[in-house]
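In what follows, a structure is listed as structure tokens, so that the remarks can point back to it.
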Amino acid sequence: MLLSMKGISKSFANVTVLTEAALEVGAGEIMALIGQNGAGKSTLIKILTGAYLRDTGTAQFEGREVEFRSTAESQTAGIATIHQEINLAPNRSVAENIYLAREPTRFGLVDRKKMRSDAVAMLGRFNVDIDVDRPLGDFGAATRQMVAIARGVSQNARLIIMDEPTSSLDEREVAVLFETIRKLKTDGVAAIFISHRLDELYKICDRVTIMRDGSTIAVSNMKDISKIELVRTMLGKELTAFTASDRTREGSSTETLLEVKNLRAGPRVSNVSLSVRKGEIAGLAGLLGSGRTETARLIYAADHFNDGVVLLDGNPARFAEPADAIGAGIGFVSEDRKVEGIVPEMSVRENMTLAILPRLQKSGIVDHTAQQQIVDKYIKALGIKCASPEQAIRELSGGNQQKVLLARWLCMNPRLLIVDEPTRGIDVGAKAEILKLLRALADDGLSVLMISSELEELIAAADRVTVLSDGYSVAQLAADELSEHRLISAMAHQDEAAA
Amino acid sequence: MTAPDKSAGSMTPTRRSTFEWLSRYGTLGVFFLLIVFNMAVTTNFLSWQMLNVNLTQVATIVIVATGMTLVIATGGIDLSVGSLMAISGALAPMIFLGTILPIPNTALAISLAFVLPVIVVAGFGWFNGFLITHYRIQPIVATLVLFIAGRGFAQVMTNGNLQTFQNDTFQFIALGRIFGVPVQVIIMLVVIAIAAFVIRRTGLGRQIIAVGGNEKAARLAGIPAARVKRLVYVISGALSGVAGLIVVARNSASDANLVGLGMELDAIAAVAVGGTLLTGGRANVLGTLLGACVIQLVRYTLLANGVPDAAALIVKAGLIILAVYIQQRASKG
């Protein structure tokens with residue numbers, strides 16, 4: 001075994017986070033690590049990398065007893081971590097990033113020539129052919145991830161930890177990433193792969209370690225465990241929701257609420273048309289960079305468009321600011337909960353009522369009673385788990401934060417709710433709950449425009465899907481036409497034409 | 001993941017909560033310690049006069065620091081407050097002395113001397129906000145412009161001359177007393193009370209905190225972030241204007257070189273010691289009052305016991321470092 005952790009426990013103050021957690025990874029093995037939010041994956045990984053110290057248990061790496069006291073120690077020992085939010089320096093060149101803080105030197109000065117050629121060679125191993133002199137920030141998420149991996153490998157890592165590496169990648173980029181991981185595998189480099197996307201695990205992982213409530217409850221070969229079994233083990237119960245069959249698609253009316261015609265703005269949105277009917281969930285699909293999020297932001301007036309029209313009830317809507325869109329009854333749940341959604345230091349109560357502040361005021365003073373009633377109502381209605389409405393939102397799990405953000409918009413009784421990746425980074429149980437909730441709201445007459453990278457999610461939830469490709473709307477798929485195959489071929493459409 | 005996971009790095013929650021406790025009650029604790037210490041050591045500490053001396057010393061700092069608290073709550077900073085005080089302090093005597101334009105009606109002249117300077121420097125505050133929101137200049141650089149140019153304006157306006165005056169009506173703002181309480185202390189308390197109310201109870205207060213806590217999220221939630229930011233700089237400017245009036249009224253003289261000198265640092269220090277996060281997203285107005293009082297009391301304690309003012313500066317710096325350290329340890333996560 002390359003890595004063997006056994007009987008790991010960890011408590012913070014009086015809260016036990018890990019009990020009897022274990023993790024084993026063989027050389028050149030890709031081990032999936034899964035569990036719901038709060039199962040203890042992150043803590044276990046932090047103990048492995050030296051960010052936390054364990055209370056009890058043993059850890060062996062390459063046959064040697066280890067207890068890393070800092071992430072620097074674990075890196076030196078050969079463990080590299082690639083985080084969800086990649087922490088490299090976007091303003092520095094690709095080459096500089098790969099050799100950050102350990103640049104090759106010559107006579108005490110940085111040997112730029114050698115650094116450059118080493119970087120090219122290193123990336124070449126993964127068939128990544130990019131200009132290593134350009135700032136890292138110029139490249140997309142997938143390339144940045146590849147650079148992070150190259151950095152790890154160049155540090156002679158024997159174990160690479162990937163925490164949700166695919167969460168911001170599109171399917172094509174995921175394929176490239178997997179190709180890279182397979183290549184590493186043949187070189188004997190092992191990986192721990194943490195992901196909420198179960199399909200991916202079957203594609204890339206050899207074995208899976210399943211955690212629940214701070215303990216490792218199962219380890220299995222990937223090919224010996226079915227997806228249902230996997231989810232059931234992870235949740236510790238039967239999974240009921242998250243299927244396409246338990247809803248009606250005929251309920252939605254034919255009246256159009258929102259119509260977008262020939263929208264154009266910047267380099268990402270070239271010509272997008274779409275429509276959302278009253279009481280339906282309209283899906284918006286496309287690869288990353290196809291202009292999905294950009295289109296949503298244009299409708300919401302978070303950004304401004306150069307050409308085209310947005311019609312609401314058939315009338316042109318000219319919004320200067322998100323506040324105007326809100327005034328017209330439009331809500332927007334952004335794809336990046338941390339950066340654009342929550343105000344971390346504020347309480348659940350204040351986060352939830354942020355958008356309806358103007359309505360809660362009587363001559364400038366916030367009506368606390370009305371505010372409290374709304375908050376109580378939605379905490380109950382959405383089953384938000386928090387110690388109290390006064391708890392800071394940053395202390396909640398991702399799923400509960402997302403519910404608070406949904407409530408932020410639901411409490412203003414919107415006509416149209418735009419949700420961008422509403423289930424990103426949250427556990428399977430909460431995912432199903434949120435999709436169910438959106439469906440129930442649509443059945444009550446709310447129109448939803450849902451952006452998602454997860455095809456199965458779109459197929460399960462959407463009444464119709466508009467497909468974007470490279471800034472153009474290239475297809476409209478009705479409910480009975482929805483399938484992974486149809487979606488993928490539509491998304492690829494423009495790419496083939498361009499290539 | 002789980003709540004304890006959010007605590008920072010390898011620090012255990014026990015230590016973190018110690019810092020949290022300190023950040024919440026530390027300033028208050030130091031305040032009482034200083035009072036107890038002085039009661040034991042400093043002669044005539046518990047006297048009406050001593051209280052008045054200290055309160056009048058602290059009043060202008062608190063007034064300016066209140067505006068600074070709001071600015072810092074939005075994630076900004078205002079370096080121009082001292083220079084704006086100089087402008088308002090230069091303008092007021094020019095108005096009631098009739099230097100600019102003779103105004104025969106004294107009541108009108110005095111009223112204008114109160115109102116106009118405050119409006120003018122509030123306008124300069126708006127300019128700060130405009131630079132920051134329209135040109136997206138960092139607050140520290142944008143307000144540096146008026147930190148430098150503002151005092152220059154004041155000096156140009158007065159030709160660098162000292163203006164001296166004796167005007168009881170105007171000087172009521174500093175020297176007057178209502179039921180024995182100095183008017184400037186009353187102004188200070190009113191400003192603090194209003195600001196605390198605005199932050200806690202009004203929509204504007206919540207908008208200020210939201211903009212400082214996460215500007216992108218605030219904007220997407222329909223909060224007019226740019227307008228809110230401009231407004232806090234206007235408020236900071238106006239309060240600096242009021243403080244400038246008090247300072248010149250107190251001295252019976254206006255010296256553009258000296259009015260408000262170093263005030264930006266005193267105000268920021270009061271905010272920091274008072275427990276408001278310098279990164280924005282929180283505002284503790286009462287803490288700012290307490291912070292200013294602690295700094296003043298430390299200075300007074302040292303002076304009253306024969307330690308030179310220069311040494312008191314070093315102690316002040318030490319206090320700020322300690323306060324910021326405690327806050328950082330408490331808020332990590």
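Ordering of the structure tokens sets the chain letters (A, B, ...), residue numbers begin anew at 1 in every chain, and ligands are numbered from 1 in the order given.
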### Task
For Val58 in chain B, list every protein, DNA or RNA residue within 9 Å, evaluated using only C-alpha atoms, and leave out those in the same chain fewer than 3 positions away; present the list as a PyMOL selection string.
chain B and resi 53-55+61-63+185+188+289+292-293+295-296
#### Entry: Contacts of Arg464 in chain A within 9 Å, only C-alpha atoms, excl. fewer than 3 positions in-chain, as a list in words
Val276, Glu280, Ile281, Ala282, Gly283, Leu284, Leu458, Ile459, Gln476, Leu477, Ala478, Ala479, Asp480, Glu481 and Leu482 of chain A
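Near Pro104 in chain A, within 10 Å and counting only C-alpha atoms, sit Val110, Asp111, Arg112, Lys113, Lys114, Met115, Arg116 and Asp118 of chain A, not including residues fewer than 6 positions from it in the same chain.
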### Query
Taking only C-alpha atoms into account, which residues of chain A are within 8 Å of chain B, as JSON, numbers by chain?
{"A": [12, 13, 15, 17, 37, 38, 39, 40, 42, 43, 51, 52, 53, 302, 321, 322, 323, 324, 326, 332, 339, 340, 341, 342, 343, 344, 345, 346, 350, 354, 355, 357, 358, 361, 364, 365, 366, 395, 396, 397, 398]}
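Between CA of Ala256 in chain B and CA of Ala310 in chain B there is a distance of 23.5 Å.
Here the question is which of A:Val348, A:Met412, A:Leu405, A:Ile299 gets nearest to Ser388 in chain A using only C-alpha atoms, and that residue is A:Val348.
Nearest-residue note for Ala27 in chain A: choosing from A:Gly50, A:Pro267, A:Gly188, A:Gly140, the minimum distance belongs to A:Gly188, counting only C-alpha atoms.
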Contacts of range 301-305 of chain B within 9 Å, only C-alpha atoms, excl. fewer than 4 positions in-chain, as a compact mmCIF listing (two decimals) with N, CA and C atoms, in the first residue's frame:
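The resulting file, selection_6.txt, is shown below:
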```txt
# COMPACT_ATOMS: atom_id res chain seq x y z
N LEU B 34 -8.51 50.20 33.14
CA LEU B 34 -7.89 51.53 33.18
C LEU B 34 -8.57 52.40 34.22
N PHE B 37 -7.53 51.18 37.62
CA PHE B 37 -6.14 51.55 37.83
C PHE B 37 -6.02 53.02 38.22
N ASN B 38 -6.73 53.87 37.45
CA ASN B 38 -6.66 55.30 37.70
C ASN B 38 -7.27 55.69 39.03
N VAL B 41 -4.52 54.97 41.42
CA VAL B 41 -3.22 55.62 41.26
C VAL B 41 -3.30 57.12 41.01
N THR B 42 -4.15 57.51 40.04
CA THR B 42 -4.15 58.91 39.62
C THR B 42 -4.95 59.78 40.60
N THR B 43 -4.36 60.87 40.99
CA THR B 43 -5.06 61.75 41.92
C THR B 43 -6.17 62.52 41.21
N GLN B 296 -7.88 57.30 24.49
CA GLN B 296 -7.76 58.56 25.22
C GLN B 296 -7.36 58.30 26.67
N LEU B 297 -7.97 57.28 27.26
CA LEU B 297 -7.72 57.01 28.67
C LEU B 297 -6.28 56.54 28.89
N ASP B 309 4.25 62.49 26.31
CA ASP B 309 3.29 62.20 25.24
C ASP B 309 3.89 61.31 24.16
N ALA B 311 5.97 58.90 24.45
CA ALA B 311 5.90 57.51 24.86
C ALA B 311 4.47 56.99 24.74
N ALA B 312 3.51 57.88 24.99
CA ALA B 312 2.10 57.48 24.88
C ALA B 312 1.77 57.03 23.46
```
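Compared by their closest atoms to Lys10 in chain A, and using only C-alpha atoms, the residues A:Leu416, A:Ala142, A:Ile45, A:Val448 rank with A:Ile45 nearest.
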Using only C-alpha atoms, determine which residues lie at most 7 Å from range 94-100 of chain A, disregarding the query and same-chain residues fewer than 5 positions distant; provide the list as a PDB file with C-alpha atoms, in the first residue's frame.
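For reference, out03.pdb as written:
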```pdb
ATOM      1  CA  LEU A  88      -2.168  29.460  -8.012  1.00  0.00           C
ATOM      2  CA  ALA A  89      -1.151  32.961  -9.068  1.00  0.00           C
ATOM      3  CA  MET A 115      12.147  26.987 -16.296  1.00  0.00           C
ATOM      4  CA  ARG A 116      10.455  27.593 -19.608  1.00  0.00           C
ATOM      5  CA  ALA A 119       7.488  23.663 -18.123  1.00  0.00           C
ATOM      6  CA  VAL A 132       3.820  28.893 -21.050  1.00  0.00           C
ATOM      7  CA  ASP A 133       4.785  32.581 -21.037  1.00  0.00           C
ATOM      8  CA  ARG A 134       1.205  33.763 -20.924  1.00  0.00           C
ATOM      9  CA  PRO A 135      -0.383  34.561 -17.559  1.00  0.00           C
ATOM     10  CA  LEU A 136      -2.210  31.603 -16.086  1.00  0.00           C
ATOM     11  CA  VAL A 147      -1.087  23.276 -14.692  1.00  0.00           C
ATOM     12  CA  ALA A 150       1.840  19.446 -13.699  1.00  0.00           C
ATOM     13  CA  ARG A 151       3.069  21.387 -10.689  1.00  0.00           C
TER      14      ARG A 151
END
```
### Task
Write out as a ChimeraX atom specification all residues of range 20-196 of chain A that backbone DSSP assigns to helix (DSSP H, G or I).
/A:41-49,71-77,94-98,112-124,136-138,141-154,171-186
Using only C-alpha atoms, which residues sit within 7 Å of range 89-92 of chain B once same-chain residues fewer than 4 positions away are excluded, as a PDB file with N, CA and C atoms, in the first residue's frame?
```pdb
ATOM      1  N   MET B  85     -11.592  68.288   7.665  1.00  0.00           N
ATOM      2  CA  MET B  85     -11.791  69.080   8.878  1.00  0.00           C
ATOM      3  C   MET B  85     -11.148  70.459   8.705  1.00  0.00           C
ATOM      4  N   PHE B  96     -18.589  83.737   8.976  1.00  0.00           N
ATOM      5  CA  PHE B  96     -19.191  84.655   9.961  1.00  0.00           C
ATOM      6  C   PHE B  96     -18.354  85.910  10.204  1.00  0.00           C
ATOM      7  N   ALA B 113     -22.504  79.662   8.727  1.00  0.00           N
ATOM      8  CA  ALA B 113     -21.183  79.183   9.129  1.00  0.00           C
ATOM      9  C   ALA B 113     -21.255  77.752   9.658  1.00  0.00           C
ATOM     10  N   PHE B 114     -22.392  77.376  10.205  1.00  0.00           N
ATOM     11  CA  PHE B 114     -22.559  75.988  10.634  1.00  0.00           C
ATOM     12  C   PHE B 114     -22.857  75.068   9.462  1.00  0.00           C
ATOM     13  N   PRO B 117     -20.095  74.975   5.573  1.00  0.00           N
ATOM     14  CA  PRO B 117     -18.857  74.168   5.565  1.00  0.00           C
ATOM     15  C   PRO B 117     -19.139  72.669   5.561  1.00  0.00           C
ATOM     16  N   ALA B 154      -7.503  74.310   1.981  1.00  0.00           N
ATOM     17  CA  ALA B 154      -7.732  75.095   3.198  1.00  0.00           C
ATOM     18  C   ALA B 154      -6.683  76.194   3.334  1.00  0.00           C
ATOM     19  N   THR B 158      -7.237  80.410   2.997  1.00  0.00           N
ATOM     20  CA  THR B 158      -6.904  81.346   4.079  1.00  0.00           C
ATOM     21  C   THR B 158      -5.565  82.029   3.843  1.00  0.00           C
ATOM     22  N   GLY B 244     -14.531  69.529  12.346  1.00  0.00           N
ATOM     23  CA  GLY B 244     -13.691  70.692  12.037  1.00  0.00           C
ATOM     24  C   GLY B 244     -14.233  71.945  12.704  1.00  0.00           C
ATOM     25  N   LEU B 245     -15.567  72.119  12.657  1.00  0.00           N
ATOM     26  CA  LEU B 245     -16.192  73.282  13.305  1.00  0.00           C
ATOM     27  C   LEU B 245     -15.907  73.264  14.799  1.00  0.00           C
ATOM     28  N   VAL B 248     -12.151  74.287  15.634  1.00  0.00           N
ATOM     29  CA  VAL B 248     -11.806  75.715  15.547  1.00  0.00           C
ATOM     30  C   VAL B 248     -12.549  76.525  16.605  1.00  0.00           C
ATOM     31  N   SER B 254      -8.480  79.310  13.779  1.00  0.00           N
ATOM     32  CA  SER B 254      -8.448  78.283  12.756  1.00  0.00           C
ATOM     33  C   SER B 254      -7.116  78.356  12.029  1.00  0.00           C
ATOM     34  N   ALA B 256      -5.143  76.336   9.236  1.00  0.00           N
ATOM     35  CA  ALA B 256      -5.330  75.292   8.235  1.00  0.00           C
ATOM     36  C   ALA B 256      -4.218  74.243   8.283  1.00  0.00           C
ATOM     37  N   VAL B 259      -5.538  72.059  11.945  1.00  0.00           N
ATOM     38  CA  VAL B 259      -6.862  71.489  12.213  1.00  0.00           C
ATOM     39  C   VAL B 259      -6.965  70.086  11.616  1.00  0.00           C
TER      40      VAL B 259
END
```
